[in-house]
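Structure first, then comments.
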Amino acid sequence: MEPERDDNSPRMDAKPSAQADGRACRWCGERFPEGELHEEADLGPLCGRCIDVIRSRGENLTLKD
Ligand SMILES: [Zn+2]
């Protein structure tokens, strides 16, 4: 049993430390400059590519910007 591990739920596994520039997309984990990510109400910051993928699955996204 590994109680720390939960592969299904997106969570901030990258702790904000030295890498203060940019933010990580919650979906793909890639870092993008602030402004290239879009804040989704439930999922958090997502990059445009992931937004396209999620939308293509027929899921609704609530973007804050
Ligand atoms: Zn992404």
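Ligands are numbered from 1 in the order shown, chains are lettered A, B, ... in the order of the structure tokens, and residues start at 1 in each chain.
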**Report entry** Neighbour list for Cys28 (chain A) as a ChimeraX atom specification, cut-off 9 Å, only C-alpha atoms, skip fewer than 3 positions in-chain
**Finding:** /A:24-25,31,46-47,50
I'd like a table as CSV: residues in chain A with an atom no more than 12 Å from ligand 1, each row giving the shortest atom pair and its distance in Å to one decimal, only C-alpha atoms and all ligand atoms counted, sorted by chain and rising residue number.
residue,atom,partner,partner_atom_place_in_ligand_line,distance
A:Pro10,CA,ligand 1,1 (Zn),11.9
A:Arg23,CA,ligand 1,1 (Zn),10.5
A:Ala24,CA,ligand 1,1 (Zn),7.8
A:Cys25,CA,ligand 1,1 (Zn),4.6
A:Arg26,CA,ligand 1,1 (Zn),6.5
A:Trp27,CA,ligand 1,1 (Zn),4.9
A:Cys28,CA,ligand 1,1 (Zn),4.1
A:Gly29,CA,ligand 1,1 (Zn),6.2
A:Glu30,CA,ligand 1,1 (Zn),6.1
A:Arg31,CA,ligand 1,1 (Zn),8.3
A:Phe32,CA,ligand 1,1 (Zn),8.7
A:Glu36,CA,ligand 1,1 (Zn),10.2
A:Leu37,CA,ligand 1,1 (Zn),8.3
A:His38,CA,ligand 1,1 (Zn),9.8
A:Glu39,CA,ligand 1,1 (Zn),11.5
A:Glu40,CA,ligand 1,1 (Zn),11.8
A:Leu43,CA,ligand 1,1 (Zn),11.2
A:Gly44,CA,ligand 1,1 (Zn),10.8
A:Pro45,CA,ligand 1,1 (Zn),8.4
A:Leu46,CA,ligand 1,1 (Zn),5.3
A:Cys47,CA,ligand 1,1 (Zn),4.2
A:Gly48,CA,ligand 1,1 (Zn),6.8
A:Arg49,CA,ligand 1,1 (Zn),5.8
A:Cys50,CA,ligand 1,1 (Zn),4.4
A:Ile51,CA,ligand 1,1 (Zn),7.4
A:Asp52,CA,ligand 1,1 (Zn),9.4
A:Val53,CA,ligand 1,1 (Zn),9.1
A:Ile54,CA,ligand 1,1 (Zn),10.0
